[in-house]
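Below is one structure, written out as C-alpha cells; the observations come after it.
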Amino acid sequence: MITDAIRKEIQESFKAAFNWQPETISITTAEPKFGDFSVSCHRYAKELAQPPQAIAEKLAPAIKHESITRAEAVSGYLNVTVSAGVLAKEAVPEVIKQGKRYGESKENKQKLLLEYSSPNTNKPLHLGHVRNNALGMSFSRLLSSQGADVKKVQIINDRGIHIIKSMLAYQKWGDGQTPEEAGQKGDHFVGKFYVLFEREFEAEWQAFLKNNPEVPGLSKEDAAKRRQEFFGESEIGLQAQEMLRKWEAGDREVVALWKQMNEWVYAGFEETYQNLGSEFDKNYYESDAYLLGKKIIDEGLKKDVFFEEDGAIWVDLTDVGLDKKLVRRSDGTSVYITQDLGLAVSRQKEFGFDGLVYVVGHEQEYHFKVLFAILKKLGYDWAKNLHHLSYGLVFLPEGKMKSREGKVVDADDRIREVKALAAEEVAKRFPDITEAERSERADTIGMGALKFFLLHVTPTQSIHYNPKEAIAFEGSTGPYVQYAHARISSILSEETPLAASGVKLGLLDKPEEKAISLKLLQYPAVVSGAAERYNPSLVCNYLLELAHAFNTFYHAHHVLKAESEELKHARLVLVQAIQIVLRNGLALLGIKAPEKM
C-alpha cells in the first residue's frame, strides 16, 4: 500500500532528522489545498522537546520517496503530495481485486445484539419506524462488514391497555369482519379500531366536560391528569380495564381474540418489513417478557440494591446523577424497567453477547441511562457494553402524528408516495420504456430515495421529511448516487474493461483522476469509522462525494473516446472501480444500485 510506503519513509525521515523514530505513524487524508496525506507532529513534541512546526520543518526535506512529489510543513503538520499515477496504481487494482469485499475487515470479532423496530400491535408502522428500521439494518450491515457477529432482534409490544383498546373496539363494531373482507392490510385494519376506541372515549370526555364546567378552567397539566383519571370512570374505559383483567386471567375468548388480531398485525408488519428490507433473527414478545425481572428485583433486595417504601420497590440512583426509580409497584406488578432488566439478563444468557445496542428514539434516553445504571449496580460486568443508539424525530409535512386521532403518516403511505414520485420522474425522463420496467425502476429509486434521506444526516439529528426533495436526481440524494452508478453501467456495457493487471494505470494523471483515486483509498476507513461511530451518514456523505468526483471527471474527460486505447482501458478500469465502491456503499445502506435509471 502507498500509505505503508509513505509511513515507512516518514519513519526513516524521523531517524535521519532526529536519530529517533516513533514505533507507529498515523497518516490521515489532508485538506486538498495542503496535499494528499498528512501526519500530525503534535504528538511527538513532548518526546522530541520541540514545537510541532519545528519537527515538521525538519522532516519535510528528509522525505525522498520517488512517489512523493512534495513535502511541506504547515501548522505543525507534515503534508505530502503523491503523484497521480502512483495513486491510481495503488487504489484501482485493490478495488478490482477485492470487489464486493472492498471495505470489509475482520478486526471486530465481537458478538453483538442489535435491537430495533419494536412496534406496538395496535397500529401500523409509521415514518418514525421507517427511520428506525433504516438505521437498524444499516448498523447491522456496517458492523457485520467489520467482522462482528450481529444478531438482529426486536421486542414486540403486544400486551397492555393500548392493545386492549383495539380489541374492545373490534368486539363492539367489527361485526366479525376480517382484513381480507375489508380489503385492508392487517395492521391498518386493527389500527382503525384503535382510532374508533379513542373517538368513543373522546366523546365521553367531551360529555363529561359539559357537565363539569370547572375542568376546562384547570391548568393544562391538571386538565391532562384529570382526563387520564377519567379513563377509569368512563364507560368504555371501564370496559377496557375489565377486558385487560380477563386477558391477564387467561380468559379463553379474550385470549383467542388477542391472538387473532395480533396475527393480522404481524402479517401487515411483515409486508412492510419486506418493502424496507428489514429482517430479524429473533422476535421477542412483551406478553412473554413482562414477568421477566421479578426474580432480579427479589435478588436485588437481598443485595440492598433496591429498597422498599410503602410496599413498593425502588432503586436510588442519585449517586450516579439520576433519580430514584420505581421498579415494582406496591400491588406487586412490574413496570417497563423491570421487564427490560429481565430481558437484558435473559438475552445475555441466551447469546453470550459482547455488546447490546438499542436503536430507540431520543425520548427514551433517560430510561436507558436508568436501565444501564441498575444493571451495573446489580453487578453485571457486561452492562458496561450496553449502548443506547439514540436518534432524532422525523418532522412531517402534515404536522405531528397523533395515533389516537388517526393522524398517522404511516410507513406504507410514505413508501407508496415516494415510489409514485419516482415513477413520475422515470416516465418523464424515459417515456419509451415498458410499464413493468418503469415500475421496477420506481421501486428501486423510490426506496433508495427514502432510505438515503433518512440516513444521510447524523442519527441524533432530527429530520424534516420532504418526499419531493428526497426523490430529486440532483443534490444530496440517493437518486443522485444511483444515477452515477447507472451512468457507469451504461459506459461499461459498451465495452468490457481489461483486467487491472494489464492496464497502464499510471496514465491516470489528471487532477480529476487523482481525486477519484484518493477517494477510492479512503473508502475502507470511512466504513470502519461509520461502524465504530454507529453513523451511516458518513457512508452517505462519502458516496455523494465519490459520485460528484465521477461526474466531474466524466464531464472533463472522454472514456470510450479517449486519446489512445491504453488511456481508454485505464479509464474503463477506473470507472469500474468507482462502480464497485458505489455499489458496496449503497448495499451497506440497504439501497439497490440500478443498472439503468
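FYI, nothing fancy with the C-alpha cells labels: chains A, B, ... in order, residues from 1 per chain, ligands from 1 as they appear.
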Near stretch 293-305 of chain A, within 6 Å and counting only C-alpha atoms, which residues show up once chain neighbours fewer than 4 positions away are dropped, as a list in words?
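Within the cut-off, the hits are Thr338, Gln339, Leu341 and Gly342 of chain A.
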Writer output for current selection, C-alpha atoms, as an mmCIF file, in the first residue's frame:
```
data_model
loop_
_atom_site.group_PDB
_atom_site.id
_atom_site.type_symbol
_atom_site.label_atom_id
_atom_site.label_comp_id
_atom_site.auth_asym_id
_atom_site.auth_seq_id
_atom_site.Cartn_x
_atom_site.Cartn_y
_atom_site.Cartn_z
ATOM 1 C CA THR A 338 -38.411 -4.377 35.336
ATOM 2 C CA GLN A 339 -39.158 -6.134 32.069
ATOM 3 C CA LEU A 341 -33.870 -5.737 33.251
ATOM 4 C CA GLY A 342 -35.093 -9.308 32.899
#
```
For A:Val190: contacts at 9 Å, only C-alpha atoms, fewer than 6 positions along chain excluded, given as a compact mmCIF listing (two decimals) with C-alpha atoms, in the first residue's frame:
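Written file, around-v7.txt:
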```txt
# COMPACT_ATOMS: atom_id res chain seq x y z
CA THR A 121 -49.55 -4.27 17.74
CA ASN A 122 -52.40 -1.75 17.84
CA LYS A 123 -51.44 0.27 14.76
CA PRO A 124 -49.35 0.21 11.57
CA SER A 166 -58.28 -2.12 19.59
CA MET A 167 -59.66 -5.46 20.74
CA TYR A 170 -63.36 -4.59 17.25
CA PRO A 179 -58.89 -7.71 6.99
CA MET A 261 -55.82 -9.63 15.98
CA ASN A 262 -52.09 -9.84 16.65
CA TRP A 264 -53.44 -9.84 11.47
CA VAL A 265 -51.00 -7.15 12.57
```
Residues near stretch 56-67 of chain A, cut-off 8 Å, only C-alpha atoms, skip fewer than 5 positions along chain, as a list of chain:residue names
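Here the answer would be A:Ile6, A:Glu9, A:Ile10, A:Ser13, A:Phe14, A:Ala16, A:Ala17, A:Cys41, A:Glu72, A:Ala73, A:Val74, A:Gly76, A:Tyr77, A:Leu78, A:Val82, A:Ser83, A:Val86.
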Could you write out that same residue set with N, CA and C atoms as a PDB file, in the first residue's frame?
```pdb
ATOM      1  N   ILE A   6       4.628   5.340   2.443  1.00  0.00           N
ATOM      2  CA  ILE A   6       4.799   6.699   2.970  1.00  0.00           C
ATOM      3  C   ILE A   6       5.117   6.643   4.461  1.00  0.00           C
ATOM      4  N   GLU A   9       8.670   5.703   4.892  1.00  0.00           N
ATOM      5  CA  GLU A   9       9.553   6.800   4.505  1.00  0.00           C
ATOM      6  C   GLU A   9       9.599   7.884   5.582  1.00  0.00           C
ATOM      7  N   ILE A  10       8.438   8.186   6.185  1.00  0.00           N
ATOM      8  CA  ILE A  10       8.388   9.217   7.226  1.00  0.00           C
ATOM      9  C   ILE A  10       9.134   8.744   8.475  1.00  0.00           C
ATOM     10  N   SER A  13      12.604   9.342   7.826  1.00  0.00           N
ATOM     11  CA  SER A  13      12.957  10.766   7.909  1.00  0.00           C
ATOM     12  C   SER A  13      13.107  11.211   9.359  1.00  0.00           C
ATOM     13  N   PHE A  14      12.315  10.616  10.271  1.00  0.00           N
ATOM     14  CA  PHE A  14      12.489  10.883  11.705  1.00  0.00           C
ATOM     15  C   PHE A  14      13.888  10.451  12.139  1.00  0.00           C
ATOM     16  N   ALA A  16      16.541  10.120  10.273  1.00  0.00           N
ATOM     17  CA  ALA A  16      17.568  10.972   9.666  1.00  0.00           C
ATOM     18  C   ALA A  16      17.639  12.336  10.348  1.00  0.00           C
ATOM     19  N   ALA A  17      16.500  12.884  10.715  1.00  0.00           N
ATOM     20  CA  ALA A  17      16.455  14.238  11.275  1.00  0.00           C
ATOM     21  C   ALA A  17      16.730  14.276  12.770  1.00  0.00           C
ATOM     22  N   CYS A  41       2.467  16.312  13.806  1.00  0.00           N
ATOM     23  CA  CYS A  41       3.707  16.260  14.584  1.00  0.00           C
ATOM     24  C   CYS A  41       3.494  16.682  16.030  1.00  0.00           C
ATOM     25  N   GLU A  72       5.819  19.321   2.800  1.00  0.00           N
ATOM     26  CA  GLU A  72       5.982  20.635   3.420  1.00  0.00           C
ATOM     27  C   GLU A  72       5.353  20.662   4.804  1.00  0.00           C
ATOM     28  N   ALA A  73       5.828  21.583   5.609  1.00  0.00           N
ATOM     29  CA  ALA A  73       5.345  21.742   6.981  1.00  0.00           C
ATOM     30  C   ALA A  73       4.327  22.871   7.035  1.00  0.00           C
ATOM     31  N   VAL A  74       3.165  22.578   7.621  1.00  0.00           N
ATOM     32  CA  VAL A  74       2.107  23.585   7.758  1.00  0.00           C
ATOM     33  C   VAL A  74       1.446  23.424   9.123  1.00  0.00           C
ATOM     34  N   GLY A  76       2.346  22.689  12.087  1.00  0.00           N
ATOM     35  CA  GLY A  76       2.662  21.514  12.889  1.00  0.00           C
ATOM     36  C   GLY A  76       2.307  20.195  12.229  1.00  0.00           C
ATOM     37  N   TYR A  77       1.952  20.247  10.965  1.00  0.00           N
ATOM     38  CA  TYR A  77       1.630  19.036  10.208  1.00  0.00           C
ATOM     39  C   TYR A  77       2.628  18.851   9.077  1.00  0.00           C
ATOM     40  N   LEU A  78       3.003  17.612   8.818  1.00  0.00           N
ATOM     41  CA  LEU A  78       3.804  17.272   7.654  1.00  0.00           C
ATOM     42  C   LEU A  78       2.847  16.813   6.571  1.00  0.00           C
ATOM     43  N   VAL A  82       1.423  13.030  -3.426  1.00  0.00           N
ATOM     44  CA  VAL A  82       1.867  11.845  -4.154  1.00  0.00           C
ATOM     45  C   VAL A  82       1.460  11.981  -5.607  1.00  0.00           C
ATOM     46  N   SER A  83       2.255  11.450  -6.511  1.00  0.00           N
ATOM     47  CA  SER A  83       1.942  11.553  -7.938  1.00  0.00           C
ATOM     48  C   SER A  83       0.646  10.824  -8.246  1.00  0.00           C
ATOM     49  N   VAL A  86       0.816   7.096  -9.461  1.00  0.00           N
ATOM     50  CA  VAL A  86       1.133   6.158  -8.381  1.00  0.00           C
ATOM     51  C   VAL A  86      -0.117   5.850  -7.561  1.00  0.00           C
TER      52      VAL A  86
END
```
In stretch 142-180 of chain A, what's strand (DSSP E) per DSSP? Answer as a PDB file with C-alpha atoms, in the first residue's frame?
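Full text of states06.pdb as output:
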```pdb
ATOM      1  CA  ASP A 149     -21.311 -11.412  14.508  1.00  0.00           C
ATOM      2  CA  VAL A 150     -24.559  -9.418  14.635  1.00  0.00           C
ATOM      3  CA  LYS A 151     -27.895 -10.802  15.797  1.00  0.00           C
ATOM      4  CA  LYS A 152     -30.912  -8.637  14.963  1.00  0.00           C
ATOM      5  CA  VAL A 153     -33.837  -8.715  17.404  1.00  0.00           C
ATOM      6  CA  GLN A 154     -36.968  -6.780  18.306  1.00  0.00           C
ATOM      7  CA  ILE A 155     -39.345  -6.737  21.275  1.00  0.00           C
ATOM      8  CA  ILE A 156     -42.920  -6.544  20.037  1.00  0.00           C
TER       9      ILE A 156
END
```
Between A:Trp247, A:Tyr266, A:Trp205, A:Tyr483, single out the one closest to A:Gly186, counting only C-alpha atoms.
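Going through A:Trp247, A:Tyr266, A:Trp205, A:Tyr483 one by one, the smallest distance to A:Gly186 is for A:Tyr266.
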Can you tell me, as a PyMOL selection string, what residues are no more than 10 Å from A:Ser145 when counting only C-alpha atoms, ignoring any on the same chain fewer than 4 positions away?
chain A and resi 101-108+139-141+149+527-528+531+588
Those selected residues, please, written with N, CA and C atoms and delivered as a PDB file, in the first residue's frame.
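And here's again02.pdb as it stands now:
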```
ATOM      1  N   ARG A 101     -15.898  -7.331  -1.527  1.00  0.00           N
ATOM      2  CA  ARG A 101     -15.284  -7.351  -0.193  1.00  0.00           C
ATOM      3  C   ARG A 101     -14.502  -6.073   0.109  1.00  0.00           C
ATOM      4  N   TYR A 102     -14.374  -5.193  -0.885  1.00  0.00           N
ATOM      5  CA  TYR A 102     -13.610  -3.977  -0.644  1.00  0.00           C
ATOM      6  C   TYR A 102     -14.319  -3.125   0.408  1.00  0.00           C
ATOM      7  N   GLY A 103     -13.577  -2.759   1.431  1.00  0.00           N
ATOM      8  CA  GLY A 103     -14.141  -2.017   2.554  1.00  0.00           C
ATOM      9  C   GLY A 103     -14.416  -2.886   3.765  1.00  0.00           C
ATOM     10  N   GLU A 104     -14.397  -4.210   3.569  1.00  0.00           N
ATOM     11  CA  GLU A 104     -14.647  -5.113   4.690  1.00  0.00           C
ATOM     12  C   GLU A 104     -13.391  -5.315   5.527  1.00  0.00           C
ATOM     13  N   SER A 105     -13.599  -5.762   6.749  1.00  0.00           N
ATOM     14  CA  SER A 105     -12.500  -6.011   7.678  1.00  0.00           C
ATOM     15  C   SER A 105     -12.901  -7.156   8.603  1.00  0.00           C
ATOM     16  N   LYS A 106     -11.935  -7.752   9.230  1.00  0.00           N
ATOM     17  CA  LYS A 106     -12.215  -8.811  10.201  1.00  0.00           C
ATOM     18  C   LYS A 106     -11.749  -8.411  11.604  1.00  0.00           C
ATOM     19  N   GLU A 107     -11.533  -7.105  11.798  1.00  0.00           N
ATOM     20  CA  GLU A 107     -10.964  -6.640  13.062  1.00  0.00           C
ATOM     21  C   GLU A 107     -11.930  -6.748  14.235  1.00  0.00           C
ATOM     22  N   ASN A 108     -13.218  -6.554  13.977  1.00  0.00           N
ATOM     23  CA  ASN A 108     -14.201  -6.591  15.060  1.00  0.00           C
ATOM     24  C   ASN A 108     -14.753  -8.009  15.189  1.00  0.00           C
ATOM     25  N   PHE A 139     -26.872  -0.262  10.490  1.00  0.00           N
ATOM     26  CA  PHE A 139     -25.929  -0.580  11.560  1.00  0.00           C
ATOM     27  C   PHE A 139     -25.504  -2.041  11.470  1.00  0.00           C
ATOM     28  N   SER A 140     -26.482  -2.908  11.248  1.00  0.00           N
ATOM     29  CA  SER A 140     -26.197  -4.339  11.166  1.00  0.00           C
ATOM     30  C   SER A 140     -25.197  -4.635  10.048  1.00  0.00           C
ATOM     31  N   ARG A 141     -25.424  -4.043   8.882  1.00  0.00           N
ATOM     32  CA  ARG A 141     -24.537  -4.298   7.743  1.00  0.00           C
ATOM     33  C   ARG A 141     -23.152  -3.700   7.985  1.00  0.00           C
ATOM     34  N   ASP A 149     -20.213 -10.457  14.635  1.00  0.00           N
ATOM     35  CA  ASP A 149     -21.311 -11.412  14.508  1.00  0.00           C
ATOM     36  C   ASP A 149     -22.542 -10.730  15.086  1.00  0.00           C
ATOM     37  N   VAL A 527     -15.885   3.349   6.027  1.00  0.00           N
ATOM     38  CA  VAL A 527     -16.767   2.275   6.501  1.00  0.00           C
ATOM     39  C   VAL A 527     -16.429   1.899   7.941  1.00  0.00           C
ATOM     40  N   SER A 528     -15.136   1.780   8.226  1.00  0.00           N
ATOM     41  CA  SER A 528     -14.702   1.449   9.579  1.00  0.00           C
ATOM     42  C   SER A 528     -15.164   2.518  10.574  1.00  0.00           C
ATOM     43  N   ALA A 531     -18.963   2.374  11.169  1.00  0.00           N
ATOM     44  CA  ALA A 531     -19.326   1.256  12.052  1.00  0.00           C
ATOM     45  C   ALA A 531     -18.965   1.569  13.494  1.00  0.00           C
ATOM     46  N   LEU A 588     -24.491  -1.233   1.905  1.00  0.00           N
ATOM     47  CA  LEU A 588     -24.413  -1.043   3.354  1.00  0.00           C
ATOM     48  C   LEU A 588     -25.608  -0.253   3.876  1.00  0.00           C
TER      49      LEU A 588
END
```
Measuring atom to atom with only C-alpha atoms, identify which of A:Ile25, A:Ser489, A:Asp310, A:Arg43 is nearest to A:Lys8.
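For A:Lys8, the nearest of the given residues is A:Ile25.
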What are the DSSP helix (DSSP H, G or I) residues of stretch 98-336 of chain A, as a ChimeraX atom specification?
/A:98-101,127-145,161-173,179-182,186-211,215-217,220-231,235-248,252-276,286-289,294-302,318-320,336
Would you work out the distance separating atom CA of A:Asn283 from atom CA of A:Glu271, expressed in Å to one decimal?
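Atom-to-atom, atom CA of A:Asn283 to atom CA of A:Glu271, that is 15.8 Å.
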Can you work out which one of A:Glu512, A:Glu115, A:Ser564, A:Asp251 has the shortest atom-to-atom distance to A:Ala344, counting only C-alpha atoms?
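Between A:Glu512, A:Glu115, A:Ser564, A:Asp251, the residue approaching A:Ala344 most closely is A:Glu115.
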What's the 10 Å shell around A:Tyr336, counting only C-alpha atoms, without same-chain residues fewer than 6 positions away, as JSON, numbers by chain?
{"A": [286, 290, 293, 326, 327, 328, 367, 371]}
Nearest-residue call for A:Ser278, choices A:Ala570, A:Cys540, A:Lys192, A:Tyr116, using only C-alpha atoms:
A:Tyr116
Using only C-alpha atoms, which of the listed residues (A:Val255, A:Arg199, A:Glu204, A:Lys89) sits closest to A:Phe230?
A:Glu204
Please provide as a list in words all residues within 12 Å of A:Gly352, with the sequence filter that same-chain residues fewer than 5 positions apart are discarded (counting only C-alpha atoms).
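Non-adjacent residues within range: Gln110, Lys111, Leu112, Leu113, Asp149, Lys151, Ala344, Val345, Ser346, Arg347 and Trp382 of chain A.
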Kindly save the residues from that selection, with N, CA and C atoms included, as a PDB file, in the first residue's frame.
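out-v1.pdb was written with the following content:
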```pdb
ATOM      1  N   GLN A 110     -16.429  -9.202  17.736  1.00  0.00           N
ATOM      2  CA  GLN A 110     -17.430  -9.238  18.793  1.00  0.00           C
ATOM      3  C   GLN A 110     -18.744  -9.876  18.335  1.00  0.00           C
ATOM      4  N   LYS A 111     -19.445 -10.438  19.316  1.00  0.00           N
ATOM      5  CA  LYS A 111     -20.812 -10.895  19.099  1.00  0.00           C
ATOM      6  C   LYS A 111     -21.727  -9.799  19.635  1.00  0.00           C
ATOM      7  N   LEU A 112     -22.484  -9.198  18.732  1.00  0.00           N
ATOM      8  CA  LEU A 112     -23.308  -8.050  19.097  1.00  0.00           C
ATOM      9  C   LEU A 112     -24.784  -8.352  18.890  1.00  0.00           C
ATOM     10  N   LEU A 113     -25.583  -7.869  19.825  1.00  0.00           N
ATOM     11  CA  LEU A 113     -27.035  -7.964  19.721  1.00  0.00           C
ATOM     12  C   LEU A 113     -27.550  -6.573  19.376  1.00  0.00           C
ATOM     13  N   ASP A 149     -20.213 -10.457  14.635  1.00  0.00           N
ATOM     14  CA  ASP A 149     -21.311 -11.412  14.508  1.00  0.00           C
ATOM     15  C   ASP A 149     -22.542 -10.730  15.086  1.00  0.00           C
ATOM     16  N   LYS A 151     -26.568 -10.203  15.712  1.00  0.00           N
ATOM     17  CA  LYS A 151     -27.895 -10.802  15.797  1.00  0.00           C
ATOM     18  C   LYS A 151     -28.920  -9.676  15.903  1.00  0.00           C
ATOM     19  N   ALA A 344     -32.716  -8.126  29.345  1.00  0.00           N
ATOM     20  CA  ALA A 344     -31.267  -7.984  29.124  1.00  0.00           C
ATOM     21  C   ALA A 344     -30.505  -9.171  29.705  1.00  0.00           C
ATOM     22  N   VAL A 345     -30.874  -9.565  30.918  1.00  0.00           N
ATOM     23  CA  VAL A 345     -30.192 -10.695  31.569  1.00  0.00           C
ATOM     24  C   VAL A 345     -30.455 -11.989  30.809  1.00  0.00           C
ATOM     25  N   SER A 346     -31.695 -12.219  30.393  1.00  0.00           N
ATOM     26  CA  SER A 346     -32.014 -13.461  29.673  1.00  0.00           C
ATOM     27  C   SER A 346     -31.326 -13.502  28.315  1.00  0.00           C
ATOM     28  N   ARG A 347     -31.198 -12.353  27.664  1.00  0.00           N
ATOM     29  CA  ARG A 347     -30.505 -12.319  26.370  1.00  0.00           C
ATOM     30  C   ARG A 347     -29.018 -12.609  26.530  1.00  0.00           C
ATOM     31  N   TRP A 382     -21.041  -7.133  32.134  1.00  0.00           N
ATOM     32  CA  TRP A 382     -21.307  -6.869  30.722  1.00  0.00           C
ATOM     33  C   TRP A 382     -22.170  -5.616  30.515  1.00  0.00           C
TER      34      TRP A 382
END
```
A:Leu538 environment, 8 Å, only C-alpha atoms, sequence neighbours closer than 6 positions dropped, as an mmCIF file with N, CA and C atoms, in the first residue's frame:
```cif
data_model
loop_
_atom_site.group_PDB
_atom_site.id
_atom_site.type_symbol
_atom_site.label_atom_id
_atom_site.label_comp_id
_atom_site.auth_asym_id
_atom_site.auth_seq_id
_atom_site.Cartn_x
_atom_site.Cartn_y
_atom_site.Cartn_z
ATOM 1 N N HIS A 456 -28.910 10.114 5.673
ATOM 2 C CA HIS A 456 -27.800 10.986 5.270
ATOM 3 C C HIS A 456 -27.467 12.055 6.300
ATOM 4 N N VAL A 526 -13.624 5.015 5.845
ATOM 5 C CA VAL A 526 -14.965 5.589 6.025
ATOM 6 C C VAL A 526 -15.911 4.541 6.595
ATOM 7 N N VAL A 527 -15.885 3.349 6.027
ATOM 8 C CA VAL A 527 -16.767 2.275 6.501
ATOM 9 C C VAL A 527 -16.429 1.899 7.941
ATOM 10 N N GLY A 529 -15.003 3.780 10.197
ATOM 11 C CA GLY A 529 -15.419 4.876 11.077
ATOM 12 C C GLY A 529 -16.923 4.914 11.276
ATOM 13 N N ALA A 530 -17.681 4.644 10.217
ATOM 14 C CA ALA A 530 -19.141 4.640 10.317
ATOM 15 C C ALA A 530 -19.619 3.534 11.244
#
```
Rank A:Pro594, A:Gly147, A:Pro524, A:Gly136 by their smallest atom-to-atom distance to A:Arg487, using only C-alpha atoms, and report the top residue only.
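For A:Arg487, the nearest of the given residues is A:Pro594.
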For the atom pair atom CA of A:Asn541 and atom CA of A:Ser144, what is the interatomic distance in Å to one decimal place?
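We find that atom CA of A:Asn541 and atom CA of A:Ser144 lie 20.3 Å from each other.
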At what distance in Å, to one decimal, does atom CA of A:Leu518 lie from atom CA of A:Phe37?
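Result for atom CA of A:Phe37 versus atom CA of A:Leu518: 9.5 Å, one decimal.
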